[in-house]
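Worksheet: the structure to be examined is printed underneath.
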4 protein chains.
Amino acid sequence: MIGGGIGAFIGDAHRRASRISNDYVLLGGVFDVDFEKSKQFAALEEIDPERCYPSVDDFIRGELALPEEKRINIVSIVTPNSLHFEFAAKLLKNGFHVICEKPMTMTVDEALRLEEIVNSKGLIFGLTHTYTGYPMVREMKERIAAGELGEIQRIDAQYYQGWLNPALHGGPEAAKEVWRLNPEKSGISSAMGDIGVHAFNLIEYTTGLEINSVLADLNHFKEEIKLDLDGTVLLRTNSDAKGVIRVCQVATGEENNLTIAVYGSKGSFKWSQENPNYLIKLFGDQPTQISKPGNPYNQPFASQSHTMPAGHPEGIYEAIANIYKGVAQAIRGEKVREGAFPTVHDGVRGMKFIHSVVRSNKEGNKWVEIE
Amino acid sequence: MIGGGIGAFIGDAHRRASRISNDYVLLGGVFDVDFEKSKQFAALEEIDPERCYPSVDDFIRGELALPEEKRINIVSIVTPNSLHFEFAAKLLKNGFHVICEKPMTMTVDEALRLEEIVNSKGLIFGLTHTYTGYPMVREMKERIAAGELGEIQRIDAQYYQGWLNPALHGGPEAAKEVWRLNPEKSGISSAMGDIGVHAFNLIEYTTGLEINSVLADLNHFKEEIKLDLDGTVLLRTNSDAKGVIRVCQVATGEENNLTIAVYGSKGSFKWSQENPNYLIKLFGDQPTQISKPGNPYNQPFASQSHTMPAGHPEGIYEAIANIYKGVAQAIRGEKVREGAFPTVHDGVRGMKFIHSVVRSNKEGNKWVEIE
Amino acid sequence: MIGGGIGAFIGDAHRRASRISNDYVLLGGVFDVDFEKSKQFAALEEIDPERCYPSVDDFIRGELALPEEKRINIVSIVTPNSLHFEFAAKLLKNGFHVICEKPMTMTVDEALRLEEIVNSKGLIFGLTHTYTGYPMVREMKERIAAGELGEIQRIDAQYYQGWLNPALHGGPEAAKEVWRLNPEKSGISSAMGDIGVHAFNLIEYTTGLEINSVLADLNHFKEEIKLDLDGTVLLRTNSDAKGVIRVCQVATGEENNLTIAVYGSKGSFKWSQENPNYLIKLFGDQPTQISKPGNPYNQPFASQSHTMPAGHPEGIYEAIANIYKGVAQAIRGEKVREGAFPTVHDGVRGMKFIHSVVRSNKEGNKWVEIE
Amino acid sequence: MIGGGIGAFIGDAHRRASRISNDYVLLGGVFDVDFEKSKQFAALEEIDPERCYPSVDDFIRGELALPEEKRINIVSIVTPNSLHFEFAAKLLKNGFHVICEKPMTMTVDEALRLEEIVNSKGLIFGLTHTYTGYPMVREMKERIAAGELGEIQRIDAQYYQGWLNPALHGGPEAAKEVWRLNPEKSGISSAMGDIGVHAFNLIEYTTGLEINSVLADLNHFKEEIKLDLDGTVLLRTNSDAKGVIRVCQVATGEENNLTIAVYGSKGSFKWSQENPNYLIKLFGDQPTQISKPGNPYNQPFASQSHTMPAGHPEGIYEAIANIYKGVAQAIRGEKVREGAFPTVHDGVRGMKFIHSVVRSNKEGNKWVEIE
């Protein structure tokens, strides 16, 4: 991993997710520009200190010196956006597979050069357009590809957040402090570059269409705001379908409201990221249909992308993890608040409940005390 | 880990969750009654073969022979229910902390004996009443404890599933094949023992009340069904509040529909497991209020139990994990279907989109082609 | 109409509904025990003063004196509960059809006597169990009758309101002032008599089953409260299905939360009064299905019970009525607040919008000012 | 009423709504271009045959001949769109107040001339922009006007329907048969003229802002389709707020999906016509808030626009009306299907239920049979 040291939010998310996927072990990396901090992080994660490198160049040298079967073969890049291209290009040229946080690069030119490197080296390059990993998004993709919607007639994607509203209203200083609004760190766009591109990707991913021209109206609101906080983009595709992408980062109170609706001649699909377990299918002449993950009626791609039984939202891992964490804290002797994990006493209460219930029923539905 | 080898669903869930919690490493265990299968599993997970033991007794002997700092100090028990007590008791007596899948034991007597052991040894024992790990359940607990609802007046919990409906209608053989309906493996109850106890635990967990007597009406439907598939339990508590638990495993089409509603003199809370990110607060004289995880307005316990920003359902880890898995499969040379992970080409498309959008806006909202 | 004069809520609802049904004209009645007030009401409604009678006996005498084709042939009884029986019996005995607000009578005995009168006279008697009038409730009834759910296995109805919570906590005086809690006016039950009976009726109506025995646990909360405010009723039916009715009038913050779920061997239905346009069908092996009124896929009974096109909730009449009311107020010279109805200026704005939009499109998607 | 005779959907809706509003009586009109049909309608509605006129000119002459206090003083125009202007102008010039179905006219010029007439005559002219009659839309308007959202930053309105999809795919003939797609009857636009204008009106109504320029992209899909079936309109207002209106009549499976979202610097509102009883308020730093009609926390305008208690969707009138209709059919001796209205037997069952429940509770929660 490059980046993602102590306090880094997105690096932590990548690590947790890679562990759920069951295919990855974190062996080494460059976790911080500050080598000392990087070493602290490696110690915390019990990573071999030899494989905590001061720079990407050192990383490459060090790993290439190892025998191939011991070598790290895939690197996650979770640094600030402006470093994505440089590091990805170097790593790929030296034979490492790469997973890269989005946006992939700062410019179209860098993007094209990276594509060339990947193609010429025959390596794997994965970009974390996270939302394409949801089972019901994959279900939508597979069923649209199978022609279930007929001809696509209209596409509508929305990505509304409110988190930059305080920066807009906090005076010129407030905006300056937000790296998202700094063109040097964010590139030429804030709202479109950060979240609009997710909506764009989701449309192309689910429909299989190519968006081939755009007409945009962006809003900076104030002169001192250097990048767009809001915008609407009209779309034309390589089909008769037209569409729209609507994006806002100052939609007060919105959290992460990404939605997509695809209307076809035979039916329509709707999906929303904040309730990702529901794929809604509309028909012209039949009741609305709601598909949920973990059910036998789903297509193979969605089924393979879901590990829990139906009715258990994926967040259930996090719920179990919270219980595991409480236990770990207790074992380490940390102060654990009541309710952090169910104890043996909860187990006793549960057994008493079950037995009292069965007794009440057997005795003809009478009250039974739980001693 | 005891149990949870190849093909075991709940063991896998425990492993994934323990990895998200960032506090655990799987070092060894007894993964299957069949030692050969257990060894296969250990190999798959790259676990030291020395620490893959043929039995729980061997596990205890082997680990105790190691110096304390190398020793496994916590064991997850994810075996069939009937073995929980025996293994938990042994492990605790030998000084291991334990996390145990529910139901904790088969009888009240075993439960009480286990409680005694835990208390006398001063060890940590965690029971995976999963639903108490959800951030919004914890928010509810903390706010009820702070008196926000006033006096609790009514409690209503529901746990409806439909998965045993085929067993009910598949003829006598169908029911026999389901271990859940076999009293030797499941204990004296199916619906109440398996899911009713979760509803019970959730009530005591969130309200802080004790349920002290029950009146139950259970339904087996057919004589050949040895255990309850359905039931309603009237509740009395150590307060004026009465309540009801409603449970069904043949509620056709229900997936995992666990809900709780707590009505107090000053307000009420509702929560539902299938949409776990919404805590609904009702008032007598104000608009309904919906709290979601990751927001600054939540109490500390919920905040500490959530790692993503607001608007990202916890299942987002699973979404990212799906992308990581696609990349891993590609690297291993497995056949990967299109769309399994975003590639460099998707990155190129994204960069073109952003740049075209900004150009369209700059040029006075004109159409710009994405080449 | 008997009762329902100035200030009477339920009488007004009956009148509005009877007008939507297009089959009724209000010709006369006894609108208030106070004859002066009754006459005032008649004047307001432009009812022939001759047909505003001082008592039910006068009403009967007066109407029977008229030639049959001019006579009122159906009477709505919307008086306090304790008068329902006396008036209904009298009117029926004298040959009038009757629509009666629920509860029909105060006792079982009165109910049976009324049934006898209706049967012997061959007259029509309608009871306003309002919820059976919803299109989607009728759809549910018709589809269950057709066997769509297979054998019914579980029934669960809920009716939660919070409006009596202030009476419970307002001291002894508060409760006394509420007629609902006065046994002389309400009969032997508050929660069960007022709303539980709706849940009961809805179950028998939709499923066609008979509930043939009950086990109840009611809650008065305080000694000074003479009637139940809360209760749970276990149900047994003339089939294998068991069920539960849950009722509360002190569920703080609940408004009128009546729900029903019917689980069968082949599928299940759910309906909720607060969102009455959605009939949810669950399957064991197919996506969830949502039916809405006004669609061609519905059965005849639901279709005949709905007058608007799909997607227009029935409340749309009320919305249009609000606009009509604003206009009427303006014509009468009353002070009308801005926005009470759309004016000609709104019409001008609309026409300008349409024409500007079409011009922008024709000119190649350019900005067009709306003058 | 002009138009709205036998078989006319919108005329019927106007009549029902005017009756709910309690301020109108239908006294006469020109109900059909075919005078015979018009007379049939008048007979059905028991309207004085003298006031069923062959033409609008006759109507004006006839009514003006009556003494002022007997004269019809307000006329509803529910004819095809192309006749709105002519009839409205004539009626206004002769001193009648007018309620007119939308679109008000066919051209901007007609609209301006009508505005001039209304203003010069000092008469009331109401346009049925139905959606402005909803209580929660009025609540939104009043609270935005009070400054609750701060500065408005973004506006997003959607109006999606699917009903023209069959016309699009039914071959050239299908489209020709639909008057909506005939420019002579519909004016210059279908989607924008029919439903886009509602979205436009709703924005100006709720926000108080003026939309002062538009950029539109409309879609006809096929050359033989003469009017727009789909379109997106970018908006600029007399403030910093930008916005978008999205409209489609071939969004397969959508019924009448009109939504509006208004994002301000201090908070945001969302409302949706298919669930019109929920006004959602988003905050930057507090839980989401949902307001519903009939509650004391609402502003006066919403409160005056709602007649039912909280929790009863307005469609409840229609539910009661269905019961009234069943009774009327029974009295007229028509064949009435079982379940069309609750009978005295349902009343008996209800009374037995209540009494059995209370007995079960009194006897210590025992089973009691309902005989």
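The way I read the labels, and the way they are meant: chains A, B, ... in the order of the structure tokens, residue 1 as the first residue of every chain, and ligand 1 as the first ligand shown, with later ones counted on from there.
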- Message: At a cut-off of 8 Å, which residues of chain C touch chain B? Count only C-alpha atoms and give the answer as a ChimeraX atom specification.
- Response: /C:153-154,162-163,165,169,217,219,221,232,234,240,242-244,250-254,263-268,282-285,288,365-366
- 8 Å contact set for A:Asp23, only C-alpha atoms, chain neighbours under 3 positions out, as an MDAnalysis selection string: (chainID A and resid 18:19) or (chainID B and resid 325 328)
Take the selection from the previous step and output its residues with all heavy atoms, as an mmCIF file, in the first residue's frame.
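Produced file again_16.cif, reproduced below:
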```cif
data_model
loop_
_atom_site.group_PDB
_atom_site.id
_atom_site.type_symbol
_atom_site.label_atom_id
_atom_site.label_comp_id
_atom_site.auth_asym_id
_atom_site.auth_seq_id
_atom_site.Cartn_x
_atom_site.Cartn_y
_atom_site.Cartn_z
ATOM 1 N N SER A 18 -10.276 -5.160 1.764
ATOM 2 C CA SER A 18 -9.419 -6.201 1.187
ATOM 3 C C SER A 18 -9.440 -7.444 2.082
ATOM 4 O O SER A 18 -9.343 -8.561 1.605
ATOM 5 C CB SER A 18 -7.988 -5.682 1.009
ATOM 6 O OG SER A 18 -7.356 -5.533 2.269
ATOM 7 N N ARG A 19 -9.614 -7.228 3.381
ATOM 8 C CA ARG A 19 -9.670 -8.382 4.282
ATOM 9 C C ARG A 19 -10.982 -9.140 4.130
ATOM 10 O O ARG A 19 -11.010 -10.356 4.231
ATOM 11 C CB ARG A 19 -9.511 -7.910 5.722
ATOM 12 C CG ARG A 19 -8.086 -7.521 6.044
ATOM 13 C CD ARG A 19 -7.968 -7.239 7.523
ATOM 14 N NE ARG A 19 -7.060 -6.134 7.736
ATOM 15 C CZ ARG A 19 -7.404 -4.947 8.241
ATOM 16 N NH1 ARG A 19 -8.650 -4.724 8.626
ATOM 17 N NH2 ARG A 19 -6.504 -4.020 8.381
ATOM 18 N N LYS B 325 -11.797 -8.304 -4.853
ATOM 19 C CA LYS B 325 -11.853 -9.718 -5.241
ATOM 20 C C LYS B 325 -11.690 -9.868 -6.756
ATOM 21 O O LYS B 325 -10.949 -10.740 -7.225
ATOM 22 C CB LYS B 325 -13.165 -10.351 -4.776
ATOM 23 C CG LYS B 325 -13.319 -11.797 -5.215
ATOM 24 C CD LYS B 325 -14.340 -12.570 -4.398
ATOM 25 C CE LYS B 325 -13.948 -12.784 -2.963
ATOM 26 N NZ LYS B 325 -12.763 -13.638 -2.764
ATOM 27 N N ALA B 328 -8.116 -9.548 -7.583
ATOM 28 C CA ALA B 328 -7.355 -10.729 -7.151
ATOM 29 C C ALA B 328 -7.559 -11.883 -8.125
ATOM 30 O O ALA B 328 -6.614 -12.586 -8.486
ATOM 31 C CB ALA B 328 -7.789 -11.130 -5.733
#
```
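Atom pair atom CA of C:His306 / atom CA of C:Lys270 has a distance of 19.3 Å (rounded to one decimal).
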Determine which residues of stretch 73-175 of chain D DSSP labels as alpha helix (DSSP H) from the backbone of this structure, then write them out as a CSV table (one decimal) with N, CA, C and O atoms, in the first residue's frame.
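Result file states.csv:
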```csv
chain,number,residue,atom,x,y,z
D,84,HIS,N,-60.1,26.6,-24.2
D,84,HIS,CA,-60.0,27.3,-22.9
D,84,HIS,C,-60.1,28.8,-23.1
D,84,HIS,O,-60.8,29.5,-22.4
D,85,PHE,N,-59.2,29.4,-24.0
D,85,PHE,CA,-59.1,30.8,-24.1
D,85,PHE,C,-60.4,31.4,-24.5
D,85,PHE,O,-60.9,32.4,-23.9
D,86,GLU,N,-61.0,30.9,-25.6
D,86,GLU,CA,-62.2,31.5,-26.1
D,86,GLU,C,-63.3,31.6,-25.1
D,86,GLU,O,-63.9,32.7,-24.8
D,87,PHE,N,-63.6,30.5,-24.4
D,87,PHE,CA,-64.7,30.4,-23.4
D,87,PHE,C,-64.4,31.3,-22.2
D,87,PHE,O,-65.2,32.0,-21.7
D,88,ALA,N,-63.1,31.2,-21.7
D,88,ALA,CA,-62.8,31.9,-20.5
D,88,ALA,C,-62.9,33.4,-20.8
D,88,ALA,O,-63.5,34.2,-20.0
D,89,ALA,N,-62.4,33.9,-21.9
D,89,ALA,CA,-62.5,35.3,-22.3
D,89,ALA,C,-64.0,35.7,-22.3
D,89,ALA,O,-64.3,36.8,-21.7
D,90,LYS,N,-64.8,35.0,-23.0
D,90,LYS,CA,-66.2,35.4,-23.1
D,90,LYS,C,-66.9,35.4,-21.7
D,90,LYS,O,-67.6,36.4,-21.4
D,91,LEU,N,-66.6,34.4,-20.9
D,91,LEU,CA,-67.3,34.3,-19.6
D,91,LEU,C,-66.9,35.5,-18.7
D,91,LEU,O,-67.7,36.1,-18.0
D,92,LEU,N,-65.6,35.7,-18.7
D,92,LEU,CA,-65.0,36.8,-17.9
D,92,LEU,C,-65.6,38.2,-18.4
D,92,LEU,O,-66.0,39.0,-17.5
D,93,LYS,N,-65.6,38.4,-19.7
D,93,LYS,CA,-66.2,39.6,-20.2
D,93,LYS,C,-67.6,39.9,-19.7
D,93,LYS,O,-68.1,41.0,-19.6
D,108,VAL,N,-48.7,32.1,-25.6
D,108,VAL,CA,-48.4,33.1,-24.6
D,108,VAL,C,-49.3,34.3,-24.9
D,108,VAL,O,-49.7,35.0,-23.9
D,109,ASP,N,-49.5,34.6,-26.1
D,109,ASP,CA,-50.3,35.8,-26.4
D,109,ASP,C,-51.7,35.7,-25.8
D,109,ASP,O,-52.2,36.6,-25.2
D,110,GLU,N,-52.3,34.6,-26.1
D,110,GLU,CA,-53.7,34.4,-25.5
D,110,GLU,C,-53.6,34.5,-23.9
D,110,GLU,O,-54.5,35.1,-23.3
D,111,ALA,N,-52.6,34.0,-23.4
D,111,ALA,CA,-52.4,34.0,-21.9
D,111,ALA,C,-52.4,35.5,-21.4
D,111,ALA,O,-53.0,35.8,-20.5
D,112,LEU,N,-51.6,36.3,-22.1
D,112,LEU,CA,-51.5,37.7,-21.7
D,112,LEU,C,-52.8,38.4,-21.9
D,112,LEU,O,-53.2,39.3,-21.0
D,113,ARG,N,-53.5,38.1,-23.0
D,113,ARG,CA,-54.8,38.8,-23.2
D,113,ARG,C,-55.8,38.4,-22.1
D,113,ARG,O,-56.5,39.2,-21.6
D,114,LEU,N,-55.7,37.1,-21.7
D,114,LEU,CA,-56.6,36.7,-20.6
D,114,LEU,C,-56.3,37.4,-19.3
D,114,LEU,O,-57.2,37.8,-18.6
D,115,GLU,N,-55.0,37.5,-19.0
D,115,GLU,CA,-54.6,38.2,-17.8
D,115,GLU,C,-55.1,39.6,-17.8
D,115,GLU,O,-55.6,40.1,-16.8
D,116,GLU,N,-55.1,40.3,-19.0
D,116,GLU,CA,-55.5,41.6,-19.1
D,116,GLU,C,-57.0,41.7,-18.8
D,116,GLU,O,-57.5,42.6,-18.0
D,117,ILE,N,-57.8,40.8,-19.3
D,117,ILE,CA,-59.3,40.8,-19.1
D,117,ILE,C,-59.5,40.6,-17.6
D,117,ILE,O,-60.3,41.3,-17.0
D,118,VAL,N,-58.9,39.6,-17.0
D,118,VAL,CA,-59.1,39.3,-15.6
D,118,VAL,C,-58.8,40.6,-14.8
D,118,VAL,O,-59.6,41.0,-13.9
D,119,ASN,N,-57.7,41.2,-15.0
D,119,ASN,CA,-57.3,42.4,-14.3
D,119,ASN,C,-58.3,43.5,-14.4
D,119,ASN,O,-58.7,44.2,-13.5
D,120,SER,N,-58.7,43.7,-15.7
D,120,SER,CA,-59.6,44.9,-15.9
D,120,SER,C,-61.0,44.7,-15.3
D,120,SER,O,-61.6,45.6,-14.9
D,121,LYS,N,-61.4,43.4,-15.3
D,121,LYS,CA,-62.8,43.2,-14.8
D,121,LYS,C,-62.8,43.0,-13.3
D,121,LYS,O,-63.9,43.0,-12.7
D,135,PRO,N,-51.7,19.9,1.3
D,135,PRO,CA,-51.3,20.5,2.6
D,135,PRO,C,-49.7,20.7,2.7
D,135,PRO,O,-49.2,21.7,3.1
D,136,MET,N,-49.0,19.6,2.4
D,136,MET,CA,-47.6,19.7,2.7
D,136,MET,C,-46.8,20.5,1.7
D,136,MET,O,-45.7,21.0,1.9
D,137,VAL,N,-47.4,20.8,0.5
D,137,VAL,CA,-46.8,21.7,-0.4
D,137,VAL,C,-47.0,23.2,0.1
D,137,VAL,O,-46.1,24.0,0.0
D,138,ARG,N,-48.2,23.4,0.7
D,138,ARG,CA,-48.4,24.7,1.3
D,138,ARG,C,-47.6,24.9,2.5
D,138,ARG,O,-47.1,26.0,2.8
D,139,GLU,N,-47.3,23.8,3.3
D,139,GLU,CA,-46.5,23.9,4.4
D,139,GLU,C,-45.0,24.3,4.0
D,139,GLU,O,-44.4,25.2,4.6
D,140,MET,N,-44.6,23.7,2.9
D,140,MET,CA,-43.3,24.0,2.3
D,140,MET,C,-43.2,25.5,1.9
D,140,MET,O,-42.2,26.2,2.2
D,141,LYS,N,-44.2,25.9,1.2
D,141,LYS,CA,-44.2,27.3,0.7
D,141,LYS,C,-44.1,28.3,1.9
D,141,LYS,O,-43.3,29.2,1.9
D,142,GLU,N,-44.9,28.0,2.9
D,142,GLU,CA,-45.0,29.0,4.1
D,142,GLU,C,-43.7,29.0,4.8
D,142,GLU,O,-43.2,30.1,5.2
D,143,ARG,N,-43.1,27.8,5.0
D,143,ARG,CA,-41.8,27.8,5.7
D,143,ARG,C,-40.6,28.3,4.9
D,143,ARG,O,-39.7,28.9,5.5
D,144,ILE,N,-40.7,28.1,3.6
D,144,ILE,CA,-39.6,28.8,2.8
D,144,ILE,C,-39.7,30.3,2.9
D,144,ILE,O,-38.8,31.0,3.0
D,145,ALA,N,-41.0,30.7,2.8
D,145,ALA,CA,-41.2,32.2,2.8
D,145,ALA,C,-40.7,32.8,4.1
D,145,ALA,O,-40.3,33.9,4.2
D,165,ASN,N,-45.6,5.6,-23.5
D,165,ASN,CA,-44.7,4.6,-24.1
D,165,ASN,C,-45.3,3.8,-25.1
D,165,ASN,O,-44.7,3.5,-26.2
D,166,PRO,N,-46.5,3.2,-24.9
D,166,PRO,CA,-47.2,2.4,-25.9
D,166,PRO,C,-47.4,3.2,-27.2
D,166,PRO,O,-47.2,2.7,-28.3
D,167,ALA,N,-47.7,4.5,-27.1
D,167,ALA,CA,-47.9,5.3,-28.3
D,167,ALA,C,-46.6,5.5,-29.1
D,167,ALA,O,-46.6,5.5,-30.3
D,168,LEU,N,-45.5,5.5,-28.4
D,168,LEU,CA,-44.2,5.7,-29.0
D,168,LEU,C,-43.8,4.4,-29.8
D,168,LEU,O,-43.2,4.5,-30.9
D,169,HIS,N,-44.2,3.3,-29.3
D,169,HIS,CA,-43.8,2.0,-29.9
D,169,HIS,C,-44.9,1.3,-30.7
D,169,HIS,O,-44.7,0.2,-31.2
D,171,GLY,N,-46.2,2.1,-33.6
D,171,GLY,CA,-46.2,2.4,-35.0
D,171,GLY,C,-46.8,3.8,-35.2
D,171,GLY,O,-47.4,4.4,-34.3
D,172,PRO,N,-46.7,4.3,-36.4
D,172,PRO,CA,-47.2,5.7,-36.7
D,172,PRO,C,-48.6,5.9,-36.3
D,172,PRO,O,-49.0,7.0,-35.8
D,173,GLU,N,-49.5,4.9,-36.5
D,173,GLU,CA,-50.9,5.1,-36.2
D,173,GLU,C,-51.1,5.3,-34.7
D,173,GLU,O,-52.0,6.1,-34.3
D,174,ALA,N,-50.4,4.6,-33.9
D,174,ALA,CA,-50.6,4.7,-32.4
D,174,ALA,C,-50.4,6.1,-32.0
D,174,ALA,O,-51.2,6.7,-31.2
D,175,ALA,N,-49.4,6.8,-32.5
D,175,ALA,CA,-49.1,8.1,-32.0
D,175,ALA,C,-50.2,9.1,-32.5
D,175,ALA,O,-50.6,10.0,-31.8
```
- Item | stretch 154-371 of chain B: residues DSSP assigns to strand (DSSP E), reported as a ChimeraX atom specification | /B:154-160,211-219,230-237,242-248,257-264,268-272,279-282,288-291,367-369
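Contact shell of B:Gly29 at 9 Å (only C-alpha atoms; same-chain neighbours under 2 positions omitted): Met1, Ile2, Gly3, Leu26, Leu27, Phe31, Ser38, Ala42, Arg51, Cys52, Tyr53, Pro54, Ser55, Val56, Phe59, Val75 and Ser76 of chain B.
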- Message: Applying 8 Å and only C-alpha atoms, which residues near stretch 67-72 of chain A remain after dropping the ones on its own chain fewer than 2 positions away? List them as a list of chain:residue names.
- Response: A:Leu27, A:Gly28, A:Glu63, A:Leu64, A:Ala65, A:Ile74, A:Val75, A:Phe96
Restricting the output to N, CA, C and O atoms, write the selected residues as a PDB file, in the first residue's frame.
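Final file, again-v8.pdb:
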```pdb
ATOM      1  N   LEU A  27       1.472  -6.689   3.314  1.00  0.00           N
ATOM      2  CA  LEU A  27       2.845  -7.110   3.629  1.00  0.00           C
ATOM      3  C   LEU A  27       3.809  -5.936   3.776  1.00  0.00           C
ATOM      4  O   LEU A  27       4.826  -6.064   4.448  1.00  0.00           O
ATOM      5  N   GLY A  28       3.512  -4.818   3.127  1.00  0.00           N
ATOM      6  CA  GLY A  28       4.459  -3.708   3.234  1.00  0.00           C
ATOM      7  C   GLY A  28       3.974  -2.504   2.453  1.00  0.00           C
ATOM      8  O   GLY A  28       2.879  -2.521   1.898  1.00  0.00           O
ATOM      9  N   GLU A  63      11.446  -4.597  -3.128  1.00  0.00           N
ATOM     10  CA  GLU A  63      10.619  -5.750  -3.457  1.00  0.00           C
ATOM     11  C   GLU A  63      11.193  -6.543  -4.633  1.00  0.00           C
ATOM     12  O   GLU A  63      11.144  -7.771  -4.651  1.00  0.00           O
ATOM     13  N   LEU A  64      11.747  -5.806  -5.608  1.00  0.00           N
ATOM     14  CA  LEU A  64      12.302  -6.522  -6.761  1.00  0.00           C
ATOM     15  C   LEU A  64      13.524  -7.361  -6.361  1.00  0.00           C
ATOM     16  O   LEU A  64      13.847  -8.344  -7.023  1.00  0.00           O
ATOM     17  N   ALA A  65      14.146  -6.984  -5.240  1.00  0.00           N
ATOM     18  CA  ALA A  65      15.298  -7.742  -4.755  1.00  0.00           C
ATOM     19  C   ALA A  65      14.880  -9.077  -4.137  1.00  0.00           C
ATOM     20  O   ALA A  65      15.714  -9.969  -3.943  1.00  0.00           O
ATOM     21  N   ILE A  74       0.804  -6.919  -5.676  1.00  0.00           N
ATOM     22  CA  ILE A  74      -0.204  -5.911  -5.993  1.00  0.00           C
ATOM     23  C   ILE A  74      -0.125  -4.765  -5.000  1.00  0.00           C
ATOM     24  O   ILE A  74       0.025  -4.983  -3.796  1.00  0.00           O
ATOM     25  N   VAL A  75      -0.223  -3.556  -5.503  1.00  0.00           N
ATOM     26  CA  VAL A  75      -0.071  -2.362  -4.665  1.00  0.00           C
ATOM     27  C   VAL A  75      -1.332  -1.498  -4.748  1.00  0.00           C
ATOM     28  O   VAL A  75      -1.823  -1.218  -5.839  1.00  0.00           O
ATOM     29  N   PHE A  96       4.385  -4.359 -11.118  1.00  0.00           N
ATOM     30  CA  PHE A  96       3.395  -4.553 -10.047  1.00  0.00           C
ATOM     31  C   PHE A  96       1.976  -4.327 -10.576  1.00  0.00           C
ATOM     32  O   PHE A  96       1.736  -3.370 -11.316  1.00  0.00           O
TER      33      PHE A  96
END
```
- Message: When you look at stretch 180-194 of chain A with a cut-off of 8 Å (counting only C-alpha atoms), what residues show up, excluding the ones that are within fewer than 6 positions of it in the same chain? I need them as a list of chain:residue names.
- Response: A:Pro80, A:Asn81, A:Ser82, A:Pro103, A:Met106, A:Thr107, A:Ile225, A:Lys226, A:Leu227, A:Asp228, A:Leu229, A:Asp230, A:Gly231, A:Val247, A:Cys248, A:Gln249, B:Ile354, B:His355, B:Val357, B:Val358
